[in-house]
Structure formats: structure tokens, C-alpha cells
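Colleague: Quick one: the structure is below, and I'll ask about it shortly.
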Amino acid sequence: MGFEPETAIAASVDEVTSGHAPRGRLFRIVLSVIEFVGTLAATFLGLMAITFFIGRVVPIDPVLAAVGDRASKAVYEAAKTAMGLDQPLWVQFARYVWAVLHGDFGISVTTGQPVGQDLLRVFPATLEMATLGILIGVVLGVPMGVTAATRQGSAVDQIIRVVGLMGYSVPAFWLGLVGLAVFYARLHWAAGPGRVDIFLDGEIDQITGLMLVDSLLQGDFDVFWNAAWHLVLPAAILGFYALAYIARMTRSFMLDQLAQEYVTTARVKGLPERIVVWRHALGPVLVPLITVIALSYAGLLEGSVMIETIFSWPGIGNYLTNALLNADMNAVLGATFVVGTFYVIINKGSDLLYRLVDPRAR
Amino acid sequence: MSLTESARPTRRDWLLDESPASRAQARLGAAYRAWLALKRNPLTMTGAVIILLLVLMAILAPLIATASPIAQNLPDRLKPPSAVHWMGTDELGRDIWSRVVYGTRITLEIVVLVAVIAAPIGLVIGAAAGYFGGWIDRALMGITDVFLALPKLILALAFTAALGPGIEHAIIAIAIASWPGYARIARAETLTIRNSEYVAAIQLQGASTFRIIGSHILPLLTSSLIIRVTLDMAGIILTAAGLGFIGLGAQPPTPEWGAMISAGRSFILDQWWVSTMPGFAIVIVSLGFCFLGDGLRDVLDPKSGERR
């Protein structure tokens, strides 16, 4: 995965602003905001271009898909006009952009509902799982990376390295299956598929769509514990993938820092190694780690596609795979666009945060 | 050669000579040094051996497999691993070991084709963007960034959905999702090479743009690209297996590992081997590529460190 801290925007802002240095800070802030919004808008337009391209240009013939190959010429033409496919491509694209901007992704063939509504309904389930996953990944991954860096070349380092590479080599859907077989069927350590047991289904109202939050808000602890019980295994598996990436990157950042002279100075001063490593060296590492954590958070959305099919988790991944199997292109492209949007927002958001936190990037 | 040398110079000394007499000696020497460095890391050698075994298995599949990968034998369905069926049998009584062995061919076909399609596209686009700069750079990188804004798996899923299921379509879709990463690397490297003196010298000699990029810039990009492709192999295998698992990749009865895992899903609680065995194959092969890529990077591109 080609994750590199996106310094491109920061660099271009410097280019723009350096010529206007005397005009002061406010001007520079306004300029960088304009630049930021501009790239964001361009990225979204590009995203829509891709989904439009996949939806209208790649398939054999969308009209044929809608009316079937035994339809008469007249029916075919009528359908083509009704779908707006007789218009030039750029008009079609403009219409598509307009519709998407209004949250209109068309009707899903599978559910019979507008895709936009469907996505709003299923997204919180994915968000809840991915959020718990990233928490697990950070809480375990950062200490693992630090430990590996402080004992470079040792057996512990090698083990952490292999665990990290496992995160790139184990299929998520397979780990989910094996996890269910072991922890649910054999050991009974975790609950089975689904968000809650069937008899608790519908017990609480949807407020945020996050089961844990909703049940707490309504004071229903049965549902809360049951939902947590169901969440543990899929979130732990997602967490493993986040952990692999975070630990690897933490290790490499830490190695850079530990080689710096200020670390030697701190050691020479006689500070305990614990403080040198966990406070002095880890401090600066946390800044680039923001980007890493944000990227793996966005990456968990991708992982959740596979995990959700295994755990019958009613989230966006499950929705997407169901749509894929039914060739429900409106739903596929809507879900693709939403995942892409989330990806872009997290990406750009981490850029912004990075610039706020790192004094050199200001 | 060291001064304490008393005996005749060995082949090793000739290869490690600090002042090679010919171009061939210098090249062979560089390759030998890389080999020595690779050999030092046990993980890298493990990776290399795994990949070698994968290739051998794919070539010699008919000799290694104990049964036909597609022959059904219903009386023997869902048998646990035994002396006859080393990995047990699946729901149609097919020998899982043989299917896994033949599956190496599918896996190899996918990774090789994706690499052959995606890497050159990314290489040319990235090199062109980096060399020309200006609006060409902006346009090409703009497109690249948009593709990078979507997760690979999702992009591949959406393309396969539009193209229709099938292994060829899966390969095309994964290639479409993979090239932007290579373009990024090729551009970054080209930027550092573009203003070097030797390029200026060739330009002064009147070489055409095509020639400069083709024979003086692209060759220098290959080593970092090879590393990147090797590291990406695991991701390509996982994506292909994911497509197969969902049912959009290779179609039955093709012994594709992802599809095999999917077929065993309903038996996972009682007949665990049906899904588990092909999964192990995926993990081992992907790990092999990761180990090898990691080691190659340490040797061929030491400055990049752990970053990727």
C-alpha cells in the first residue's frame, strides 16, 4: 500500500506563500484554506469521474441490462432516452455529479430503496467496528513498534517483524472464518455472527446507529454487553491489520529518533532509559504517526468489506458484496463513492492535523 | 585484492575485486555482493525458497498432485486429512492437496499478469510526468491521485462488477487498481534523475526525448520498481483471493484458493480442513513474497529503510 505522508500540499502552499511573506499570517491561512478546498473539490470530482466511468462506460450496455435482450427497438430507445443515455457523455456526467451532490445515487435493485438511504443505514455498523479496530491497533501496535525498535535485531524484534508481515499476508476473510471456528464454535470466547443475538434484535431504537452508544443512551445493559460480545472478534481481527501496519511504521520512526543526538544527550544526562524512550524519543514520533493511524483507519473500511461478509455484519461491506453479487450497479457505485469519500476525508484531515501539530509544517 | 593474498586469486576474489578490469566483471561483482547480502538474512532466504517452491509446484503440478484437481468422487466427500488425501477432500470429494497444487498455477498467472500489465503502465506514466514536469505532470499525477483516493480492493471490486465475473476480468481490475502506486514511485525517482549531469550530457548530444526516457531513465527505475512489485505481490494475491472468495474472480471448477475457501465456508465448523488448507497456501505464498521483498529492499535500496 503506497502510504507516504502527503507533503505535496504543504510544499505547494509554501511556494504560493513565500512570495507574499510580508502580507502576514492571515493571508497565508486564507490562501492555504483555498488551496485545501480546491484540491478536495478536485479529488471528489475525480472520484465521481471514476464511479461514472465504471458505471456508464465499462459495462456492455446499461440499457440492455435494464430492458433485457428481447425488448423491441422502440422499448429500447424509450429506455435509453428515459435513462438519459442519448445525451452526450459530458451532459450525462454533469447530471451524475448534480445527482450525487444531492445525495441521489439512484435506486438499489436489491433493496428497492434509494441507495443514499441504504448507505446511511448501514454505515454506522461499519464505523463502530472499524473504530474499535483502530483503537485495538493503536493500543497494541505502538508499544510493539517501540519495543521492536529498542531491541533491534533481537528475537523480539524478529517476532514483531513477522507478525507485522502477517498483516500483509493473511486474507481477512480466512482469518474471520478460522476465528469463528476457533473462538466461537470451539472455545465460546466470542459470540457468533451478527451485531446482537436475534432475541435482542430491535430491542433498542436507532439513534446514532452505533449499537454500543445507543444501548448506553437507553440504559439497556443487556444489549450493550451482548453487542460488545459480538463486536469483539471482528474488531480484534480488524485491529490485527491496523496493528501490523502501525507497529512496522512505529518501529521505523523510532529507529530514526533513537539515532538522533538529543537521545544520546538525554542518556548521557543519566535519564532512565524508560523516560528516554517513551517520552523523549516517542514524542516526535507521534506526529508522523497521526498520518499512519489515519491511513490505517481508512484502510480498515476496506478490510471490513471481507470481514462483514463472514460475520453477517449489516454494514457497508456486506451491503457492497450483496450488491456485487446481484449486479446492482447503483448500490455498488454508491458504496464505492462513500468509501472513497471517507478515505479522502480521513486522508486530507490527517494532513491538516499534521500541519497543525508539526511546528515545521506550519 | 588484499595484500596478504598468497594463493592464486579465487573466483570469489575476482568477483569482489575493488577495481574490476571489465564491465562484465563489475556487473557480476555487484550481483554477487547483492547475493551475499541477501544470503545473510534468513527471512529473505526463506522467502526466496518459498517462491522457488511455488514456481516448481506450478510447473510440475501434474507430478506433485496425487489426484486430478477437478475429478469428483462423491462417496469420498468431506473426508478428513489422511494418508490418501493429505489435506482431506471437499464437498464434491475432490482431493484438496491436488487442488492446492494446481492452484499455484492460477496464483502465479494472476501475479505475473498483473505485474506485467500494471508495472510498465505506471513506469511510463510516472517517468513521463517526472521528466516533462509542468502541466503534463499535473494532469498525469492528478489522475494518479484520484485512483489512489480509492482503496485498491474496492476499486477492483467495482471494476469486476462492471466487467462481469471471471479471472481475466479480475486480473484487469487488479491491474487498474495497482498502477498508480508504481507511477508515484517512478515519478519521484525520475525527478531526482532528471537534473543530473549525465542526462544533461545526453541532451547536449542531441538525443531525442524518447531515447532519453527509454534508454537512460527507465533502466534506473527498475530496481526500486522490482522491490515495490515484490512487496505488492502479497497484496495482489490477497485481492485476487478476495475476488475469488466473493465469487467475482476465478469461476468453478477452477481450483483458485479464494474460491476454495469460499466453498468450504458452510463446513467450517465440522469439516475445518476444506477452508483452512487453501488459506494456509495463501498465507505461506504471500509471506514468501513479503520476506523476499523486504530483504530485496534492504539490499538494493538501503536508503529507503523501512518506509514504504
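Residues are referred to by chain and number: the chain letter is A, B, ... according to the order shown in the C-alpha cells, the number counts from 1 in that chain, and ligands are numbered separately from 1 in the order shown.
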Please identify every residue of chain B that has at least one atom no farther than 7 Å from an atom of chain A, counting only C-alpha atoms, and for each give the shortest atom pair and the distance in Å to one decimal, arranged by chain then increasing number, as CSV.
Modeller:
```
residue,atom,partner,partner_atom,distance
B:Val146,CA,A:Gly46,CA,5.5
B:Ala149,CA,A:Val344,CA,5.9
B:Leu150,CA,A:Gly340,CA,4.9
B:Pro151,CA,A:Glu302,CA,6.4
B:Leu153,CA,A:Glu302,CA,6.6
B:Ile154,CA,A:Thr336,CA,6.4
B:Ala158,CA,A:Val332,CA,6.6
B:Phe159,CA,A:Ile54,CA,6.3
B:Ala161,CA,A:Leu324,CA,5.8
B:Ala162,CA,A:Pro59,CA,5.1
B:Leu163,CA,A:Pro59,CA,5.7
B:Gly181,CA,A:Gly2,CA,5.8
B:Ala234,CA,A:Ser169,CA,5.8
B:Gly235,CA,A:Tyr168,CA,6.7
B:Leu238,CA,A:Pro171,CA,5.7
B:Ile268,CA,A:Ala181,CA,6.4
B:Leu269,CA,A:Ala181,CA,5.5
B:Gly279,CA,A:Trp174,CA,6.2
B:Val283,CA,A:Val170,CA,5.1
B:Ser286,CA,A:Ser169,CA,4.8
B:Leu287,CA,A:Ser169,CA,5.4
B:Cys290,CA,A:Leu165,CA,6.6
B:Glu306,CA,A:Ser252,CA,5.6
B:Arg308,CA,A:Gly2,CA,6.4
```
Colleague: Considering only C-alpha atoms, can you say which of B:Leu191, B:Ala127, B:Ile110, B:Leu218 comes closest to B:Ile171?
Modeller: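 Of B:Leu191, B:Ala127, B:Ile110, B:Leu218, the one nearest B:Ile171 is B:Ile110, counting only C-alpha atoms.
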Colleague: Excluding A:Val232 and its own-chain neighbours fewer than 4 positions away, which residues fall within 8 Å of it when counting only C-alpha atoms? Please give them as a PyMOL selection string.
Modeller: chain A and resi 190+228+236
Colleague: Taking into account only C-alpha atoms, which residue in the set A:Asp86, A:Arg267, A:Ala235, A:Met254 is nearest to A:Ala148?
Modeller: A:Met254
